[in-house]
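Structure file query-v3.txt (compact mmCIF, C-alpha atoms and all ligand atoms) is printed below.
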# COMPACT_ATOMS: atom_id res chain seq x y z
CA MET R 1 -14.01 -8.69 14.71
CA THR R 2 -10.60 -10.10 15.31
CA ILE R 3 -8.09 -7.90 13.64
CA ASN R 4 -5.73 -9.81 11.45
CA PRO R 5 -5.67 -13.18 13.17
CA GLY R 6 -2.59 -15.27 12.65
CA TYR R 7 -3.48 -17.36 9.67
CA GLU R 8 -2.28 -20.85 9.03
CA ARG R 9 -2.59 -21.99 5.47
CA PRO R 10 -4.60 -25.13 5.02
CA ALA R 11 -2.59 -28.03 3.69
CA ARG R 12 -3.55 -28.80 0.12
CA THR R 13 -1.77 -30.47 -2.70
CA SER R 14 -1.83 -27.72 -5.28
CA ARG R 15 0.05 -24.66 -4.29
CA MET R 16 -1.85 -22.56 -6.77
CA THR R 17 -5.24 -23.75 -5.59
CA ARG R 18 -4.27 -23.35 -1.99
CA ASP R 19 -3.10 -19.79 -2.44
CA ALA R 20 -6.02 -18.73 -4.57
CA ALA R 21 -8.42 -20.22 -2.05
CA VAL R 22 -6.75 -18.53 0.86
CA CYS R 23 -6.70 -15.18 -0.87
CA LEU R 24 -10.30 -15.39 -1.93
CA GLY R 25 -11.37 -16.57 1.49
CA ARG R 26 -9.68 -13.68 3.12
CA MET R 27 -11.02 -11.16 0.65
CA THR R 28 -14.54 -11.68 1.88
CA PHE R 29 -13.34 -11.46 5.45
CA GLY R 30 -13.85 -8.05 6.95
CA TYR R 31 -16.15 -6.61 4.33
CA ASP R 32 -18.91 -5.98 6.78
CA THR R 33 -16.82 -4.23 9.37
CA ALA R 34 -17.08 -0.66 10.49
CA LEU R 35 -13.69 0.56 9.44
CA GLY R 36 -13.74 4.17 10.51
CA ALA R 37 -11.52 4.26 13.56
CA ARG R 38 -9.20 1.60 12.32
CA ILE R 39 -8.29 3.07 8.99
CA SER R 40 -4.80 4.39 8.48
CA ARG R 41 -5.46 7.36 6.27
CA ASP R 42 -3.15 9.38 4.21
CA PRO R 43 -4.23 13.01 4.33
CA ILE R 44 -4.03 13.09 0.57
CA ALA R 45 -6.83 10.56 0.62
CA GLU R 46 -8.93 12.78 2.82
CA ALA R 47 -8.26 15.79 0.63
CA GLY R 48 -9.87 13.90 -2.21
CA GLY R 49 -13.12 13.77 -0.29
CA LEU R 50 -13.25 10.01 -0.55
CA ASN R 51 -15.73 7.96 1.28
CA LEU R 52 -13.35 5.51 2.89
CA TYR R 53 -16.16 3.30 4.12
CA GLY R 54 -17.52 3.05 0.62
CA TYR R 55 -14.40 2.35 -1.32
CA VAL R 56 -13.18 -0.30 1.04
CA GLY R 57 -16.41 -2.21 0.75
CA ASN R 58 -17.31 -1.78 -2.87
CA ASN R 59 -14.35 -3.24 -4.68
CA PRO R 60 -14.21 -6.98 -4.43
CA VAL R 61 -10.96 -7.92 -6.08
CA ASN R 62 -10.46 -11.29 -7.58
CA ALA R 63 -7.27 -11.65 -5.61
CA PHE R 64 -4.99 -14.41 -6.59
CA ASP R 65 -1.52 -15.43 -5.57
CA PRO R 66 0.00 -17.81 -8.11
CA LEU R 67 3.57 -17.41 -6.87
CA GLY R 68 2.69 -18.15 -3.29
CA LEU R 69 3.75 -14.70 -2.22
CA LYS R 70 1.88 -13.02 0.57
CA ILE R 71 0.83 -9.98 -1.35
CA CYS R 72 -2.21 -11.03 -3.35
CA VAL R 73 -2.38 -9.28 -6.67
CA SER R 74 -5.20 -9.62 -9.17
CA PRO R 75 -4.07 -10.93 -12.58
CA ASP R 76 -5.19 -7.61 -14.06
CA ASP R 77 -2.78 -5.74 -11.81
CA GLN R 78 0.18 -8.08 -11.98
CA ASP R 79 2.06 -6.27 -14.75
CA ALA R 80 1.79 -2.89 -13.06
CA TYR R 81 2.83 -4.35 -9.72
CA ASP R 82 5.80 -6.17 -11.24
CA GLU R 83 6.92 -3.11 -13.15
CA ALA R 84 6.78 -0.93 -10.04
CA LYS R 85 8.51 -3.55 -7.93
CA LYS R 86 11.31 -3.92 -10.44
CA HIS R 87 11.72 -0.16 -10.57
CA LEU R 88 12.20 -0.10 -6.81
CA GLU R 89 15.02 -2.65 -6.81
CA GLY R 90 18.11 -1.15 -5.24
CA THR R 91 16.10 1.47 -3.35
CA ALA R 92 15.18 1.71 0.33
CA PHE R 93 11.84 0.12 -0.57
CA GLU R 94 13.25 -3.14 -1.93
CA LYS R 95 13.68 -4.77 1.46
CA GLN R 96 10.26 -3.55 2.60
CA ILE R 97 8.57 -5.25 -0.34
CA GLN R 98 10.55 -8.47 0.10
CA GLU R 99 9.72 -8.62 3.77
CA LEU R 100 6.00 -8.06 3.27
CA GLU R 101 5.91 -10.69 0.53
CA GLN R 102 7.49 -13.13 2.97
CA SER R 103 5.08 -12.33 5.78
CA GLN R 104 3.05 -15.06 7.42
CA ASN R 105 0.00 -12.88 6.85
CA LEU R 106 -1.71 -12.14 3.58
CA TYR R 107 -1.92 -8.63 2.18
CA TYR R 108 -3.99 -7.51 -0.77
CA LEU R 109 -3.39 -5.02 -3.52
CA ASN R 110 -6.42 -3.04 -4.66
CA THR R 111 -5.81 -0.69 -7.58
CA THR R 112 -9.34 0.65 -7.90
CA THR R 113 -8.71 3.72 -5.82
CA SER R 114 -8.29 7.43 -6.42
CA ALA R 115 -6.02 7.82 -3.38
CA ASP R 116 -3.30 5.50 -2.13
CA THR R 117 -3.56 4.23 1.41
CA PHE R 118 -3.00 1.23 3.64
CA VAL R 119 -6.07 -0.05 5.44
CA TYR R 120 -5.13 -2.40 8.20
CA PRO R 121 -8.28 -4.18 9.25
CA THR R 122 -8.39 -5.80 5.82
CA ASN R 123 -4.61 -5.83 5.18
CA THR R 124 -5.26 -3.96 1.96
CA ILE R 125 -2.84 -1.74 0.10
CA TYR R 126 -4.76 0.66 -2.09
CA TRP R 127 -2.52 1.81 -4.91
CA ASN R 128 -3.45 3.30 -8.24
CA PRO R 129 -0.64 2.50 -10.71
CA ASN R 130 -1.62 5.44 -12.89
CA LEU R 131 -1.38 8.16 -10.27
CA GLY R 132 1.73 10.13 -9.43
CA LEU R 133 1.94 12.87 -6.84
CA THR R 134 2.93 16.50 -7.28
CA THR R 135 4.58 17.98 -4.21
CA PRO R 136 3.78 21.48 -2.94
CA ASP R 137 7.00 22.57 -4.66
CA GLY R 138 5.60 21.40 -7.98
CA LEU R 139 7.91 18.39 -8.26
CA ASN R 140 6.61 14.99 -9.28
CA ILE R 141 6.79 11.55 -7.68
CA ASP R 142 6.11 8.47 -9.79
CA PRO R 143 3.49 5.86 -8.79
CA SER R 144 6.02 3.15 -7.87
CA ILE R 145 7.32 5.28 -5.01
CA LEU R 146 3.78 5.62 -3.72
CA LEU R 147 3.44 1.83 -3.79
CA GLY R 148 6.66 1.52 -1.80
CA HIS R 149 5.30 4.09 0.63
CA GLU R 150 2.13 2.11 1.36
CA ILE R 151 3.96 -1.22 1.53
CA THR R 152 6.35 0.28 4.08
CA HIS R 153 3.38 1.19 6.30
CA ALA R 154 2.02 -2.33 5.90
CA ASN R 155 5.37 -3.86 6.71
CA LEU R 156 5.70 -2.08 10.04
CA TYR R 157 2.13 -3.07 10.85
CA ASP R 158 3.00 -6.65 9.97
CA GLN R 159 6.22 -6.82 11.96
CA ASN R 160 5.44 -4.73 14.99
CA ARG R 161 1.80 -3.88 15.37
CA SER R 162 2.15 -1.96 18.60
CA ALA R 163 4.91 0.19 17.10
CA TYR R 164 2.71 0.85 14.07
CA MET R 165 -0.24 1.80 16.25
CA LYS R 166 1.94 4.16 18.18
CA THR R 167 3.67 5.83 15.23
CA SER R 168 0.44 6.17 13.27
CA THR R 169 -1.33 7.94 16.13
CA THR R 170 1.53 10.17 17.29
CA GLU R 171 1.14 13.60 15.76
CA VAL R 172 4.16 15.50 14.54
CA PRO R 173 4.43 18.83 12.72
CA GLN R 174 4.22 18.86 8.92
CA TYR R 175 4.03 15.13 8.39
CA GLN R 176 0.79 14.65 10.34
CA THR R 177 2.00 11.53 12.12
CA LEU R 178 5.28 10.01 13.18
CA GLU R 179 4.54 7.10 10.86
CA GLU R 180 4.23 9.41 7.85
CA ARG R 181 7.44 11.18 8.78
CA ARG R 182 9.20 7.83 9.14
CA VAL R 183 8.09 6.55 5.74
CA ILE R 184 8.63 9.82 3.88
CA THR R 185 12.01 10.78 5.32
CA LEU R 186 13.61 7.34 5.66
CA PHE R 187 12.24 5.59 2.57
CA GLU R 188 10.36 7.81 0.15
CA ASN R 189 12.71 10.77 -0.02
CA PRO R 190 15.92 8.76 -0.48
CA THR R 191 14.19 6.87 -3.31
CA ALA R 192 12.87 10.07 -4.87
CA ALA R 193 16.37 11.58 -4.66
CA LYS R 194 17.82 8.56 -6.42
CA PHE R 195 15.27 8.93 -9.22
CA ASN R 196 15.66 12.72 -9.30
CA GLU R 197 12.02 13.14 -8.34
CA GLY R 198 10.19 15.31 -5.82
CA ILE R 199 11.30 15.42 -2.19
CA ARG R 200 8.58 16.02 0.38
CA THR R 201 9.02 18.06 3.53
CA ASP R 202 5.44 17.51 4.60
CA HIS R 203 2.65 15.10 3.88
CA SER R 204 0.73 17.05 1.28
CA GLY R 205 0.54 16.68 -2.47
CA SER R 206 -1.93 16.29 -5.30
CA TYR R 207 -2.46 13.35 -7.59
CA TYR R 208 -2.12 13.44 -11.36
CA GLU R 209 -2.31 10.80 -14.05
CA THR R 210 0.96 9.36 -15.37
CA ILE R 211 1.76 7.41 -18.52
CA SER R 212 3.05 4.37 -16.57
CA PRO R 213 3.52 3.03 -13.00
CA THR R 214 7.18 4.10 -13.07
CA SER R 215 7.03 7.44 -14.86
CA THR R 216 6.43 10.97 -13.67
CA LYS R 217 5.33 11.94 -17.15
CA ARG R 218 1.83 13.37 -17.25
CA LYS R 219 -0.65 11.50 -19.37
ZN ZN S 301 1.44 7.27 4.26
Kindly transcribe the structure held in the file into C-alpha cells.
Amino acid sequence: MTINPGYERPARTSRMTRDAAVCLGRMTFGYDTALGARISRDPIAEAGGLNLYGYVGNNPVNAFDPLGLKICVSPDDQDAYDEAKKHLEGTAFEKQIQELEQSQNLYYLNTTTSADTFVYPTNTIYWNPNLGLTTPDGLNIDPSILLGHEITHANLYDQNRSAYMKTSTTEVPQYQTLEERRVITLFENPTAAKFNEGIRTDHSGSYYETISPTSTKRK
C-alpha cells in the first residue's frame, strides 16, 4: 500500500460533512494491511503482550472531526482529549499538538487500547485516557503526558518522515531508540517536572488506572 499519501480534501459545501466523510473514508483505509514491520512500538506496549496486529484491526472508530482539525477524535473521546490538551497548555507538548492539528494529513485518536503507541501506516495515535504510567522509581505520570508523548512521535513523522524513520530505528542505551530518547528527554520529562510527576531515565514503566486523563491518582 501507499503509506500516508498526501491527501487533498474534496471540496464540499458543508465543512462538517466534508470532514466527517474524509475521516471515515480514511478510517477504512489501511485496515487490511500487514502492519508488523511498520509499527512504531513502545516497549511498554510489547511488555503488555499485546497483539498489535489484532488491536489495530479490530477497533473501527467512528472518527469525526467537527472542528476541521486534523486529529480525528470520536465524539465519545472528545472530552478526555480536550481535558488532556488543555492540561498540556504551556508545556513542551503544546506546540506539538497544535502543529499536528494543523497538519495537511489526518491523524486518528483511538482510545480502545491497553498500551499507548503511535502506528504510522494508519496515522493512528492509540491513547487510553484512563491509564497513567508508573516509572521504575515508583513515580507516576498522568495520562495527558502520555498523549503528548505519542503526538510528538506523530508530529515528527508528519513533518519529516525520513528523520522519524531514522530516529525510530536507531538504537540507543536505556531509551531503546533515539526517537524515544528525544521524546522523553526533550518533551516528556520537562512536562513531568513542571507537574511534579515522574521523570524517566529509560523507556520502561507500567500502566495503572487513574481517576481522570490529567490525574496521577490511582482509581
Ligand atoms: Zn514512545
Next item on the list: Could you please extract the residues within 10 Å of ligand ZN 301 (chain S), counting all atoms listed in the file, and hand them back as number ranges by chain?
Entry: R: 40-45, 116-118, 146-154, 168, 175-177, 179-184, 188, 203
Checklist line | Atom-to-atom span, CA of Val73 (chain R) and CA of Thr169 (chain R), Å | finding: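 Distance reported for this atom pair: 28.6 Å.
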Check: Do you know which residues are at most 8 Å from Lys70 (chain R) counting only C-alpha atoms, after dropping those on the same chain fewer than 3 positions away, and could you put them as an NGL selection string?
Finding: :R and (65 or 100-107)
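As for CA of Asn140 (chain R) and CA of Gly198 (chain R), they are spaced 5.0 Å apart.
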Next item on the list: Enter the distance from CA of Ile211 (chain R) to CA of Asn130 (chain R), in Å, rounded to one decimal.
Entry: 6.9 Å
